[in-house]
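Asker: Just one file: target32.txt, with compact mmCIF, C-alpha atoms (C1' of nucleotides).
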# COMPACT_ATOMS: atom_id res chain seq x y z
CA MET A 1 -124.79 -172.53 -35.42
CA THR A 2 -121.82 -170.87 -37.10
CA PRO A 3 -120.02 -172.31 -40.11
CA VAL A 4 -116.98 -172.93 -37.92
CA ASP A 5 -119.07 -174.95 -35.47
CA ILE A 6 -120.34 -176.96 -38.40
CA ALA A 7 -116.79 -177.63 -39.59
CA HIS A 8 -115.90 -178.95 -36.14
CA LYS A 9 -119.04 -181.05 -35.94
CA PHE A 10 -118.24 -182.52 -39.35
CA ALA A 11 -114.72 -183.47 -38.26
CA THR A 12 -115.86 -184.86 -34.93
CA ARG A 13 -118.42 -187.10 -36.54
CA LEU A 14 -115.65 -188.60 -38.66
CA GLY A 15 -113.45 -189.18 -35.64
CA THR A 16 -110.91 -186.47 -36.39
CA THR A 17 -110.38 -182.91 -35.21
CA LEU A 18 -109.48 -179.60 -36.80
CA ASP A 19 -107.60 -176.72 -35.22
CA GLU A 20 -109.10 -173.25 -35.41
CA GLN A 21 -107.28 -172.30 -38.57
CA ALA A 22 -108.28 -175.41 -40.48
CA ALA A 23 -111.87 -175.14 -39.25
CA GLN A 24 -112.02 -171.57 -40.51
CA GLN A 25 -110.51 -172.48 -43.85
CA LEU A 26 -113.06 -175.21 -44.26
CA ALA A 27 -115.96 -173.11 -43.01
CA SER A 28 -115.08 -170.39 -45.50
CA ILE A 29 -116.15 -172.56 -48.43
CA PHE A 30 -119.51 -173.68 -47.03
CA VAL A 31 -122.59 -172.45 -48.84
CA ARG A 32 -125.68 -172.47 -46.65
CA GLN A 33 -128.94 -173.48 -48.31
CA GLU A 34 -132.48 -173.70 -47.02
CA VAL A 35 -134.38 -176.51 -48.63
CA SER A 36 -138.03 -177.37 -48.70
CA LYS A 37 -139.79 -180.69 -48.76
CA GLY A 38 -139.85 -182.25 -52.19
CA GLU A 39 -137.05 -180.04 -53.52
CA THR A 40 -134.48 -181.66 -55.81
CA LEU A 41 -130.97 -180.87 -54.67
CA LEU A 42 -129.21 -182.71 -57.47
CA ALA A 43 -131.03 -183.52 -60.68
CA GLU A 44 -130.38 -186.34 -63.12
CA GLY A 45 -127.60 -185.55 -65.58
CA GLN A 46 -126.00 -182.79 -63.51
CA VAL A 47 -122.40 -183.22 -62.42
CA ALA A 48 -122.17 -183.17 -58.63
CA ARG A 49 -119.89 -180.28 -57.73
CA ASN A 50 -120.56 -180.31 -53.98
CA PHE A 51 -121.14 -182.67 -51.20
CA LEU A 52 -123.64 -181.68 -48.53
CA ILE A 53 -123.65 -181.58 -44.77
CA VAL A 54 -127.19 -181.79 -43.40
CA GLU A 55 -127.82 -179.44 -40.49
CA GLN A 56 -131.55 -179.94 -40.32
CA GLY A 57 -133.94 -182.17 -42.23
CA LEU A 58 -133.90 -185.45 -44.12
CA THR A 59 -132.73 -186.24 -47.63
CA ARG A 60 -132.75 -189.28 -49.79
CA GLN A 61 -130.64 -190.31 -52.76
CA TYR A 62 -132.34 -192.33 -55.46
CA TYR A 63 -131.98 -193.48 -59.02
CA TYR A 64 -133.98 -195.21 -61.69
CA LYS A 65 -133.54 -198.86 -62.48
CA ASN A 66 -135.65 -200.07 -65.40
CA GLY A 67 -137.90 -197.10 -64.88
CA ILE A 68 -138.44 -197.91 -61.21
CA GLU A 69 -137.35 -195.45 -58.56
CA VAL A 70 -134.89 -196.95 -56.09
CA THR A 71 -133.82 -195.22 -52.90
CA GLU A 72 -130.14 -195.71 -52.23
CA HIS A 73 -129.59 -193.78 -49.03
CA PHE A 74 -131.15 -191.54 -46.42
CA CYS A 75 -129.27 -188.76 -44.63
CA CYS A 76 -130.42 -186.73 -41.68
CA GLU A 77 -128.83 -184.32 -39.22
CA TRP A 78 -125.02 -184.23 -39.52
CA ASP A 79 -124.80 -186.89 -42.14
CA VAL A 80 -122.81 -186.18 -45.28
CA VAL A 81 -124.54 -186.58 -48.62
CA TYR A 82 -122.41 -187.26 -51.66
CA CYS A 83 -122.74 -188.81 -55.07
CA THR A 84 -119.47 -190.65 -55.22
CA ASP A 85 -119.71 -191.65 -58.82
CA SER A 86 -120.52 -188.26 -60.18
CA MET A 87 -118.37 -186.19 -57.85
CA LEU A 88 -115.22 -188.32 -57.99
CA MET A 89 -115.50 -189.26 -61.64
CA ARG A 90 -116.93 -185.90 -62.76
CA GLU A 91 -119.65 -187.64 -64.70
CA PRO A 92 -123.30 -186.64 -65.04
CA THR A 93 -125.11 -188.23 -62.16
CA THR A 94 -127.76 -190.91 -62.28
CA LEU A 95 -128.18 -190.63 -58.52
CA MET A 96 -130.46 -187.82 -57.52
CA ILE A 97 -130.77 -186.00 -54.20
CA GLU A 98 -134.15 -184.95 -52.87
CA ALA A 99 -135.18 -183.26 -49.63
CA LEU A 100 -137.89 -185.18 -47.79
CA GLU A 101 -138.40 -182.43 -45.21
CA ASP A 102 -137.88 -178.70 -44.94
CA GLY A 103 -134.39 -178.12 -43.63
CA VAL A 104 -130.94 -176.58 -43.89
CA VAL A 105 -127.91 -178.00 -45.67
CA HIS A 106 -124.39 -176.76 -46.26
CA ASN A 107 -122.88 -177.22 -49.69
CA VAL A 108 -119.18 -177.99 -49.79
CA PRO A 109 -117.78 -177.29 -53.27
CA PHE A 110 -115.66 -180.31 -54.06
CA ASP A 111 -112.91 -178.63 -56.11
CA GLU A 112 -112.32 -176.01 -53.44
CA PHE A 113 -112.38 -178.75 -50.84
CA ARG A 114 -109.75 -180.78 -52.70
CA GLN A 115 -107.66 -177.63 -52.95
CA LEU A 116 -107.87 -177.19 -49.18
CA CYS A 117 -106.73 -180.81 -48.83
CA ASP A 118 -103.50 -179.90 -50.56
CA GLU A 119 -103.03 -176.90 -48.28
CA SER A 120 -103.97 -178.47 -44.97
CA PRO A 121 -102.88 -181.91 -43.81
CA GLN A 122 -105.73 -181.85 -41.29
CA ILE A 123 -108.29 -181.39 -44.01
CA MET A 124 -106.60 -184.08 -46.10
CA LYS A 125 -106.89 -186.38 -43.13
CA LEU A 126 -110.56 -185.51 -42.91
CA TYR A 127 -111.03 -186.40 -46.56
CA VAL A 128 -109.20 -189.70 -46.25
CA ARG A 129 -111.35 -190.48 -43.24
CA LEU A 130 -114.50 -189.63 -45.18
CA LEU A 131 -113.48 -192.06 -47.92
CA GLU A 132 -112.46 -194.75 -45.47
CA VAL A 133 -115.72 -194.53 -43.56
CA GLY A 134 -117.69 -194.45 -46.79
CA LEU A 135 -115.93 -197.55 -48.02
CA VAL A 136 -116.42 -199.50 -44.81
CA GLU A 137 -120.08 -198.50 -44.63
CA SER A 138 -120.70 -199.36 -48.22
CA LEU A 139 -119.21 -202.81 -47.81
CA ARG A 140 -121.16 -203.43 -44.62
CA LYS A 141 -124.36 -202.39 -46.29
CA THR A 142 -123.79 -204.69 -49.24
CA ASP A 143 -123.13 -207.48 -46.82
CA ALA A 144 -126.25 -206.76 -44.79
CA GLN A 145 -128.41 -206.90 -47.87
CA ARG A 146 -126.98 -210.13 -49.12
CA PHE A 147 -128.34 -212.68 -46.71
CA GLU A 148 -131.23 -211.17 -44.92
CA SER A 149 -134.93 -211.78 -45.40
CA ALA A 150 -137.30 -208.90 -45.92
CA ARG A 151 -138.13 -208.91 -42.22
CA GLU A 152 -134.50 -208.94 -41.11
CA ARG A 153 -133.58 -206.15 -43.51
CA TYR A 154 -136.32 -204.04 -42.02
CA GLU A 155 -135.25 -204.76 -38.46
CA THR A 156 -131.63 -203.96 -39.27
CA PHE A 157 -132.72 -200.73 -40.90
CA VAL A 158 -134.77 -199.62 -37.91
CA ARG A 159 -131.87 -200.36 -35.60
CA GLN A 160 -129.34 -198.59 -37.78
CA TYR A 161 -131.31 -195.60 -39.00
CA PRO A 162 -134.08 -195.05 -36.46
CA GLU A 163 -134.61 -191.46 -37.57
CA ALA A 164 -135.07 -192.33 -41.23
CA ALA A 165 -137.31 -195.23 -40.22
CA ARG A 166 -139.56 -192.85 -38.30
CA ARG A 167 -139.51 -189.91 -40.65
CA ALA A 168 -139.33 -191.26 -44.22
CA PRO A 169 -142.41 -192.33 -46.18
CA GLY A 170 -142.92 -196.07 -46.39
CA LYS A 171 -142.63 -196.36 -50.13
CA HIS A 172 -139.11 -194.96 -50.02
CA ILE A 173 -138.14 -197.22 -47.15
CA ALA A 174 -139.54 -200.14 -49.13
CA SER A 175 -137.46 -199.31 -52.19
CA TYR A 176 -134.39 -198.76 -50.00
CA LEU A 177 -134.92 -202.21 -48.50
CA LEU A 178 -135.46 -203.78 -51.91
CA MET A 179 -139.00 -204.85 -51.32
CA THR A 180 -142.43 -203.74 -52.49
CA PRO A 181 -144.52 -201.39 -50.34
CA GLU A 182 -146.89 -204.34 -49.91
CA SER A 183 -144.14 -206.44 -48.40
CA LEU A 184 -143.04 -203.64 -46.10
CA SER A 185 -146.59 -203.29 -44.94
CA ARG A 186 -146.78 -207.00 -44.16
CA VAL A 187 -143.44 -206.94 -42.37
CA ARG A 188 -144.61 -204.08 -40.21
CA ALA A 189 -147.84 -205.91 -39.46
CA GLY A 190 -145.79 -208.92 -38.41
CA LEU A 191 -147.20 -211.03 -41.22
CA LEU A 192 -143.89 -211.82 -42.83
CA MET B 1 -90.22 -208.10 -62.43
CA THR B 2 -88.50 -205.85 -59.93
CA PRO B 3 -90.26 -204.33 -56.92
CA VAL B 4 -89.90 -200.90 -58.51
CA ASP B 5 -91.65 -202.11 -61.65
CA ILE B 6 -94.43 -203.44 -59.46
CA ALA B 7 -94.78 -200.10 -57.71
CA HIS B 8 -95.17 -198.39 -61.09
CA LYS B 9 -97.65 -200.98 -62.30
CA PHE B 10 -99.67 -200.51 -59.12
CA ALA B 11 -99.80 -196.73 -59.63
CA THR B 12 -100.61 -197.00 -63.32
CA ARG B 13 -103.52 -199.31 -62.69
CA LEU B 14 -104.98 -196.70 -60.36
CA GLY B 15 -104.53 -193.95 -62.91
CA THR B 16 -101.70 -192.16 -61.17
CA THR B 17 -97.93 -192.12 -61.56
CA LEU B 18 -94.94 -192.18 -59.25
CA ASP B 19 -91.53 -190.64 -59.86
CA GLU B 20 -88.46 -192.82 -59.36
CA GLN B 21 -87.93 -191.77 -55.78
CA ALA B 22 -91.51 -192.46 -54.71
CA ALA B 23 -91.54 -195.77 -56.58
CA GLN B 24 -88.38 -196.81 -54.77
CA GLN B 25 -89.74 -195.75 -51.40
CA LEU B 26 -92.85 -197.75 -52.02
CA ALA B 27 -91.03 -200.75 -53.45
CA SER B 28 -88.80 -200.86 -50.37
CA ILE B 29 -91.68 -201.95 -48.16
CA PHE B 30 -92.99 -204.75 -50.40
CA VAL B 31 -92.67 -208.27 -49.07
CA ARG B 32 -92.70 -210.88 -51.81
CA GLN B 33 -94.54 -214.12 -51.05
CA GLU B 34 -95.02 -217.27 -53.06
CA VAL B 35 -98.39 -218.83 -52.40
CA SER B 36 -99.80 -222.19 -53.25
CA LYS B 37 -103.28 -223.28 -54.17
CA GLY B 38 -105.54 -223.58 -51.16
CA GLU B 39 -103.26 -221.55 -48.90
CA THR B 40 -104.90 -219.15 -46.47
CA LEU B 41 -103.35 -215.70 -46.70
CA LEU B 42 -105.45 -214.13 -43.96
CA ALA B 43 -107.20 -216.28 -41.40
CA GLU B 44 -110.34 -215.53 -39.42
CA GLY B 45 -109.68 -213.42 -36.35
CA GLN B 46 -106.34 -212.04 -37.51
CA VAL B 47 -105.94 -208.31 -37.89
CA ALA B 48 -105.05 -207.44 -41.48
CA ARG B 49 -101.72 -205.66 -41.37
CA ASN B 50 -101.04 -205.65 -45.10
CA PHE B 51 -102.80 -205.29 -48.34
CA LEU B 52 -101.67 -207.42 -51.25
CA ILE B 53 -100.77 -206.83 -54.85
CA VAL B 54 -101.23 -209.96 -56.94
CA GLU B 55 -98.44 -210.54 -59.43
CA GLN B 56 -99.48 -214.03 -60.46
CA GLY B 57 -102.42 -216.22 -59.49
CA LEU B 58 -105.98 -215.88 -58.28
CA THR B 59 -107.30 -215.18 -54.80
CA ARG B 60 -110.72 -214.97 -53.26
CA GLN B 61 -111.99 -213.24 -50.15
CA TYR B 62 -114.80 -214.94 -48.27
CA TYR B 63 -116.60 -214.98 -44.97
CA TYR B 64 -119.14 -217.03 -43.11
CA LYS B 65 -122.76 -216.02 -42.91
CA ASN B 66 -124.87 -218.33 -40.78
CA GLY B 67 -122.27 -221.01 -41.19
CA ILE B 68 -122.36 -220.73 -44.98
CA GLU B 69 -119.25 -219.71 -46.87
CA VAL B 70 -119.77 -216.62 -49.01
CA THR B 71 -117.26 -215.39 -51.56
CA GLU B 72 -117.01 -211.62 -51.54
CA HIS B 73 -114.38 -210.94 -54.16
CA PHE B 74 -111.92 -212.42 -56.60
CA CYS B 75 -108.57 -210.84 -57.43
CA CYS B 76 -106.13 -211.84 -60.13
CA GLU B 77 -103.05 -210.36 -61.76
CA TRP B 78 -102.44 -206.74 -60.67
CA ASP B 79 -105.52 -206.46 -58.57
CA VAL B 80 -105.18 -205.21 -55.03
CA VAL B 81 -106.57 -207.38 -52.23
CA TYR B 82 -107.51 -205.68 -48.99
CA CYS B 83 -109.79 -206.29 -46.05
CA THR B 84 -111.09 -202.81 -45.57
CA ASP B 85 -112.87 -203.45 -42.32
CA SER B 86 -110.02 -205.11 -40.57
CA MET B 87 -107.19 -203.05 -42.01
CA LEU B 88 -108.78 -199.62 -41.60
CA MET B 89 -110.51 -200.32 -38.30
CA ARG B 90 -107.74 -202.53 -36.91
CA GLU B 91 -110.25 -205.16 -35.93
CA PRO B 92 -109.94 -208.95 -36.19
CA THR B 93 -111.14 -209.92 -39.61
CA THR B 94 -114.16 -211.98 -40.54
CA LEU B 95 -113.16 -211.77 -44.18
CA MET B 96 -110.58 -214.37 -45.10
CA ILE B 97 -108.18 -214.43 -48.03
CA GLU B 98 -107.40 -217.69 -49.82
CA ALA B 99 -105.24 -218.46 -52.83
CA LEU B 100 -107.12 -220.40 -55.51
CA GLU B 101 -104.00 -220.99 -57.60
CA ASP B 102 -100.26 -221.15 -57.06
CA GLY B 103 -98.87 -217.67 -57.51
CA VAL B 104 -96.90 -214.69 -56.27
CA VAL B 105 -98.19 -211.79 -54.20
CA HIS B 106 -96.54 -208.73 -52.71
CA ASN B 107 -97.50 -207.76 -49.18
CA VAL B 108 -97.69 -204.05 -48.45
CA PRO B 109 -97.54 -203.44 -44.69
CA PHE B 110 -100.28 -200.93 -44.05
CA ASP B 111 -98.68 -198.95 -41.21
CA GLU B 112 -95.49 -198.44 -43.18
CA PHE B 113 -97.58 -197.53 -46.20
CA ARG B 114 -99.51 -194.90 -44.24
CA GLN B 115 -96.20 -193.53 -43.00
CA LEU B 116 -95.01 -193.17 -46.59
CA CYS B 117 -98.26 -191.33 -47.35
CA ASP B 118 -97.24 -188.67 -44.84
CA GLU B 119 -93.79 -188.41 -46.39
CA SER B 120 -94.74 -188.46 -50.04
CA PRO B 121 -97.63 -186.53 -51.57
CA GLN B 122 -97.47 -188.86 -54.57
CA ILE B 123 -98.02 -191.89 -52.39
CA MET B 124 -100.80 -190.10 -50.52
CA LYS B 125 -102.44 -189.42 -53.86
CA LEU B 126 -102.12 -193.10 -54.66
CA TYR B 127 -103.84 -194.00 -51.40
CA VAL B 128 -106.66 -191.53 -51.93
CA ARG B 129 -107.11 -192.95 -55.41
CA LEU B 130 -107.20 -196.48 -54.03
CA LEU B 131 -109.97 -195.50 -51.62
CA GLU B 132 -111.89 -193.55 -54.23
CA VAL B 133 -111.78 -196.41 -56.71
CA GLY B 134 -112.70 -198.88 -53.99
CA LEU B 135 -115.69 -196.78 -53.01
CA VAL B 136 -116.97 -196.32 -56.53
CA GLU B 137 -116.53 -200.02 -57.29
CA SER B 138 -118.23 -201.07 -54.11
CA LEU B 139 -121.23 -198.90 -54.81
CA ARG B 140 -121.45 -200.11 -58.38
CA LYS B 141 -121.31 -203.70 -57.23
CA THR B 142 -124.06 -203.20 -54.69
CA ASP B 143 -126.14 -201.61 -57.37
CA ALA B 144 -125.51 -204.39 -59.85
CA GLN B 145 -126.61 -206.98 -57.34
CA ARG B 146 -129.79 -205.20 -56.41
CA PHE B 147 -131.95 -205.62 -59.47
CA GLU B 148 -130.56 -208.39 -61.51
CA SER B 149 -131.82 -211.91 -61.91
CA ALA B 150 -129.55 -214.88 -61.38
CA ARG B 151 -128.91 -215.05 -65.10
CA GLU B 152 -128.13 -211.34 -65.44
CA ARG B 153 -125.80 -211.43 -62.46
CA TYR B 154 -123.89 -214.24 -64.09
CA GLU B 155 -123.66 -212.45 -67.42
CA THR B 156 -122.48 -209.26 -65.77
CA PHE B 157 -119.88 -211.22 -63.86
CA VAL B 158 -118.50 -212.93 -66.95
CA ARG B 159 -118.25 -209.59 -68.72
CA GLN B 160 -116.60 -207.84 -65.79
CA TYR B 161 -114.29 -210.55 -64.49
CA PRO B 162 -113.66 -212.90 -67.39
CA GLU B 163 -110.50 -214.27 -65.79
CA ALA B 164 -112.20 -215.18 -62.52
CA ALA B 165 -115.14 -216.61 -64.46
CA ARG B 166 -112.78 -218.92 -66.33
CA ARG B 167 -110.43 -219.84 -63.54
CA ALA B 168 -112.46 -220.02 -60.32
CA PRO B 169 -114.41 -223.13 -59.26
CA GLY B 170 -118.15 -222.92 -59.84
CA LYS B 171 -119.17 -223.19 -56.22
CA HIS B 172 -117.25 -220.04 -55.36
CA ILE B 173 -118.66 -218.20 -58.34
CA ALA B 174 -122.13 -219.29 -57.23
CA SER B 175 -121.64 -217.96 -53.71
CA TYR B 176 -120.15 -214.75 -55.11
CA LEU B 177 -123.23 -214.31 -57.26
CA LEU B 178 -125.56 -215.08 -54.36
CA MET B 179 -127.02 -218.21 -55.83
CA THR B 180 -126.76 -221.92 -55.19
CA PRO B 181 -124.40 -224.07 -57.26
CA GLU B 182 -127.56 -225.69 -58.66
CA SER B 183 -128.81 -222.36 -59.95
CA LEU B 184 -125.44 -221.50 -61.45
CA SER B 185 -125.46 -224.81 -63.21
CA ARG B 186 -128.92 -224.10 -64.63
CA VAL B 187 -127.92 -220.59 -65.68
CA ARG B 188 -124.91 -221.96 -67.52
CA ALA B 189 -127.07 -224.58 -69.18
CA GLY B 190 -129.42 -221.82 -70.30
CA LEU B 191 -132.28 -223.21 -68.24
CA LEU B 192 -132.82 -220.13 -66.13
C1' DA C 1 -106.80 -250.19 -62.21
C1' DA C 2 -110.28 -249.68 -58.75
C1' DC C 3 -111.96 -246.62 -55.70
C1' DA C 4 -113.17 -242.63 -53.15
C1' DT C 5 -114.14 -237.78 -52.81
C1' DG C 6 -115.79 -233.55 -54.06
C1' DG C 7 -117.98 -230.98 -57.66
C1' DC C 8 -121.33 -230.55 -61.06
C1' DT C 9 -125.79 -231.67 -63.15
C1' DT C 10 -130.67 -232.78 -63.37
C1' DG C 11 -135.34 -233.37 -61.55
C1' DA C 12 -139.27 -232.64 -58.05
C1' DT C 13 -141.00 -229.82 -54.60
C1' DT C 14 -141.27 -225.81 -51.50
C1' DT C 15 -141.02 -221.11 -50.16
C1' DA C 16 -140.47 -216.18 -49.90
C1' DT C 17 -141.70 -212.39 -52.09
C1' DA C 18 -143.60 -210.13 -56.25
C1' DT C 19 -147.54 -209.07 -58.69
C1' DC C 20 -152.28 -208.01 -59.39
C1' DA C 21 -156.55 -206.21 -57.57
C1' DA C 22 -159.62 -204.05 -54.40
C1' DT C 23 -160.30 -201.13 -50.34
C1' DT C 24 -159.24 -198.05 -46.64
C1' DT C 25 -156.67 -194.32 -44.56
C1' DC C 26 -154.19 -190.15 -44.66
C1' DG C 27 -152.29 -185.65 -45.91
C1' DT C 28 -152.85 -181.57 -48.32
C1' DC C 29 -154.97 -177.77 -50.13
C1' DA C 30 -159.24 -175.34 -51.83
C1' DT D 1 -163.80 -178.47 -42.95
C1' DG D 2 -164.36 -181.38 -46.66
C1' DA D 3 -162.80 -183.64 -50.65
C1' DC D 4 -159.52 -185.36 -53.66
C1' DG D 5 -155.46 -187.98 -54.85
C1' DA D 6 -151.67 -190.45 -53.04
C1' DA D 7 -150.14 -193.88 -49.92
C1' DA D 8 -150.87 -197.85 -47.15
C1' DT D 9 -153.20 -202.06 -46.23
C1' DT D 10 -155.19 -206.57 -47.20
C1' DG D 11 -156.22 -210.67 -49.91
C1' DA D 12 -155.44 -213.95 -53.91
C1' DT D 13 -152.33 -215.69 -57.13
C1' DA D 14 -147.92 -216.25 -59.70
C1' DT D 15 -143.00 -217.00 -60.01
C1' DA D 16 -137.92 -217.17 -59.45
C1' DA D 17 -134.85 -219.44 -57.02
C1' DA D 18 -133.94 -222.39 -52.88
C1' DT D 19 -134.06 -226.75 -51.06
C1' DC D 20 -134.13 -231.66 -51.15
C1' DA D 21 -132.67 -235.76 -53.41
C1' DA D 22 -130.29 -238.68 -56.50
C1' DG D 23 -126.98 -239.73 -59.85
C1' DC D 24 -122.86 -238.69 -62.74
C1' DC D 25 -118.28 -237.23 -63.81
C1' DA D 26 -113.63 -236.01 -63.10
C1' DT D 27 -109.56 -236.13 -60.42
C1' DG D 28 -106.24 -237.87 -57.68
C1' DT D 29 -104.74 -241.80 -54.41
C1' DT D 30 -103.45 -246.35 -52.74
Kindly transcribe the structure held in the file into structure tokens.
Answerer:
Amino acid sequence: MTPVDIAHKFATRLGTTLDEQAAQQLASIFVRQEVSKGETLLAEGQVARNFLIVEQGLTRQYYYKNGIEVTEHFCCEWDVVYCTDSMLMREPTTLMIEALEDGVVHNVPFDEFRQLCDESPQIMKLYVRLLEVGLVESLRKTDAQRFESARERYETFVRQYPEAARRAPGKHIASYLLMTPESLSRVRAGLL
Amino acid sequence: MTPVDIAHKFATRLGTTLDEQAAQQLASIFVRQEVSKGETLLAEGQVARNFLIVEQGLTRQYYYKNGIEVTEHFCCEWDVVYCTDSMLMREPTTLMIEALEDGVVHNVPFDEFRQLCDESPQIMKLYVRLLEVGLVESLRKTDAQRFESARERYETFVRQYPEAARRAPGKHIASYLLMTPESLSRVRAGLL
DNA sequence: AACATGGCTTGATTTATATCAATTTCGTCA
DNA sequence: TGACGAAATTGATATAAATCAAGCCATGTT
């Protein structure tokens, strides 16, 4: 798959389109990266200078809360991975990115991307759409986690992210769903 | 306070600025509205066509989950109230807006606002900033509510929204903090 | 001024999920 | 292939907060 194809795919997923020129502009800043299982793509304390488009594989974002590892998000094929806090606020991140499978990602350097936004209204539209979708998703997720039991949270998760549910290790799913691995196990066994 | 002053205040709060022309453009679409305590500013099922800037007073946004009323957010002076889901997706809202005090708000019609974004790079920047801030805040809020006890959630709330903590009725604060009014009462009494 | 209504407090009990502890299963690499 | 360490399961117990229930206090109304 060529970088230009990836640019189009990226736009399409967000419900917008790019003409050839814009797609090429965008594609020109992609940095392809092969990643292997267990690899850290963004380490604690680094400032996030890119967001990522996943072509192949599965990633998770996680942080530490009182010394406990908490998974915040999974991304698989054609999802966009970004550390909002660090990237937008240019602060050292507390949210790490780790590859859970071998795969291929494309780094999009944020400063160059923002520059392209100023040059191309289509790319600006893409960025606004990325933020809008991120905001809506984030609010929906918060909402989902407010009033659901452990079992319901798991069921919602399986419905919404079937790939991650199949491919990610249970302990990460458990921490994503805010329950212990023991509870996840019982939910899966139908005991809860 | 003139509409133009309000436009400047709005920009300043978001960490950007507007020149006189942009401020006037923006101010020209504001619709001033006096609201009274208990008044519904956005009812269930309506499509949100504006966002609001609060000049005076206190509002809350809430929705129903399994028949129970849940407060999602409080806004007071110079906060911006918007129903992301409904406004961005143009869907009937499930998130209602209610005034908790008599006050004054300024409606910003979203379609006209988006039009101004296309005409004025400064206003577009303002919009991007609004989304960015909204996204960061939303993620921080989710995070805060993940690992804190009832007591900690209350303490965080008081620190972060002292005005709302003072001015809003306890039952709404309780539902905002995802606890029963009984628990809030015990937290305040230092029993939890 | 009496009364009603909704909101807050206080106490007793229940419940979902965490925690602790002991196995069992699985995945990875020698 | 076998063996080790990590992950998942299963059971017993503990705990934070919900629920249920009753009473109290303020506020506003006739």
Asker: Write out as JSON, numbers by chain every residue belonging to chain B that has an atom at most 9 Å from any atom of chain D, counting all atoms listed in the file.
Answerer: {"B": [149, 150, 179, 180, 183, 192]}
Asker: Given all atoms listed in the file, how would the per-residue table for chain B near chain A read, listing every residue at most 10 Å away with its closest atom pair and distance in Å to one decimal, sorted by chain and number, as a tab-separated table?
Answerer:
residue	atom	partner	partner_atom	distance
B:Lys65	CA	A:Phe147	CA	7.5
B:Asn66	CA	A:Phe147	CA	8.9
B:Val70	CA	A:Arg146	CA	9.7
B:Glu72	CA	A:Asp143	CA	8.8
B:Cys83	CA	A:Val136	CA	9.6
B:Thr84	CA	A:Val136	CA	6.3
B:Asp85	CA	A:Val136	CA	5.9
B:Ser86	CA	A:Val136	CA	9.5
B:Leu88	CA	A:Glu132	CA	7.2
B:Met89	CA	A:Val136	CA	8.8
B:Asp118	CA	A:Pro121	CA	8.9
B:Pro121	CA	A:Asp118	CA	8.9
B:Met124	CA	A:Val128	CA	9.4
B:Tyr127	CA	A:Val128	CA	8.6
B:Val128	CA	A:Val128	CA	6.5
B:Arg129	CA	A:Leu88	CA	9.7
B:Leu130	CA	A:Leu131	CA	9.8
B:Leu131	CA	A:Leu131	CA	6.2
B:Glu132	CA	A:Leu131	CA	6.7
B:Val133	CA	A:Leu88	CA	8.9
B:Gly134	CA	A:Leu135	CA	6.9
B:Leu135	CA	A:Leu135	CA	5.1
B:Val136	CA	A:Asp85	CA	5.9
B:Glu137	CA	A:Asp85	CA	9.1
B:Ser138	CA	A:Leu139	CA	6.6
B:Leu139	CA	A:Ser138	CA	6.6
B:Arg140	CA	A:Asp85	CA	8.6
B:Lys141	CA	A:Thr142	CA	8.4
B:Thr142	CA	A:Thr142	CA	5.7
B:Asp143	CA	A:Glu72	CA	8.8
B:Gln145	CA	A:Arg146	CA	8.8
B:Arg146	CA	A:Leu178	CA	7.4
B:Phe147	CA	A:Lys65	CA	7.6
B:Leu177	CA	A:Arg146	CA	9.9
B:Leu178	CA	A:Arg146	CA	7.3
Asker: Using all atoms listed in the file, which residues sit within 10 Å of Ser120 of chain B once same-chain residues fewer than 3 positions away are excluded, as a ChimeraX atom specification?
Answerer: /B:18,21-22,25-26,114-117,123-126
Asker: What gap, in Å, lies between atom CA of Asp102 of chain B and atom CA of Arg32 of chain B?
Answerer: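 Going from atom CA of Asp102 of chain B over to atom CA of Arg32 of chain B, I get 13.8 Å.
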Asker: With distances taken over all atoms listed in the file, which of C:DA30, C:DT13, C:DT23, C:DA18 is nearest to chain A?
Answerer: C:DA18
Asker: Could you write out as a ChimeraX atom specification the residues of chain C within 9 Å of chain B, counting all atoms listed in the file?
Answerer: /C:7-10
Asker: Using atom CA of Leu41 of chain A and atom CA of Thr59 of chain A as the two end points, give the distance in Å to one decimal.
Answerer: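 Computing it gives 9.0 Å between the two atoms.
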Asker: Please enclose the listed atoms of segment 61-70 of chain A in an axis-aligned box, pad each side by 3 Å, and write out the centre and the three edge lengths in Å, rounded to one decimal, as AutoDock Vina command-line options.
Answerer:
--center_x -134.5 --center_y -195.2 --center_z -59.1 --size_x 13.8 --size_y 15.8 --size_z 18.6
Asker: In Å, rounded to a single decimal, give me how far atom CA of Glu152 of chain A is from atom C1' of DA16 of chain C.
Answerer: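 Rounded to one decimal, the two atoms are 12.9 Å apart.
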Asker: Looking at A:Leu191, A:Leu14, A:Val4, A:Ala99, which one is nearest to Ser36 of chain A, with distances taken over all atoms listed in the file?
Answerer: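 Closest residue, counting all atoms listed in the file: A:Ala99.
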Asker: Quick one: residues within 10 Å of segment 50-58 of chain B, only C-alpha atoms (C1' of nucleotides) counted, chain neighbours fewer than 5 positions away excluded, as a ChimeraX atom specification?
Answerer: /B:1,6-7,9-10,30-37,41-42,74-84,87,98-113,163-164,167-168
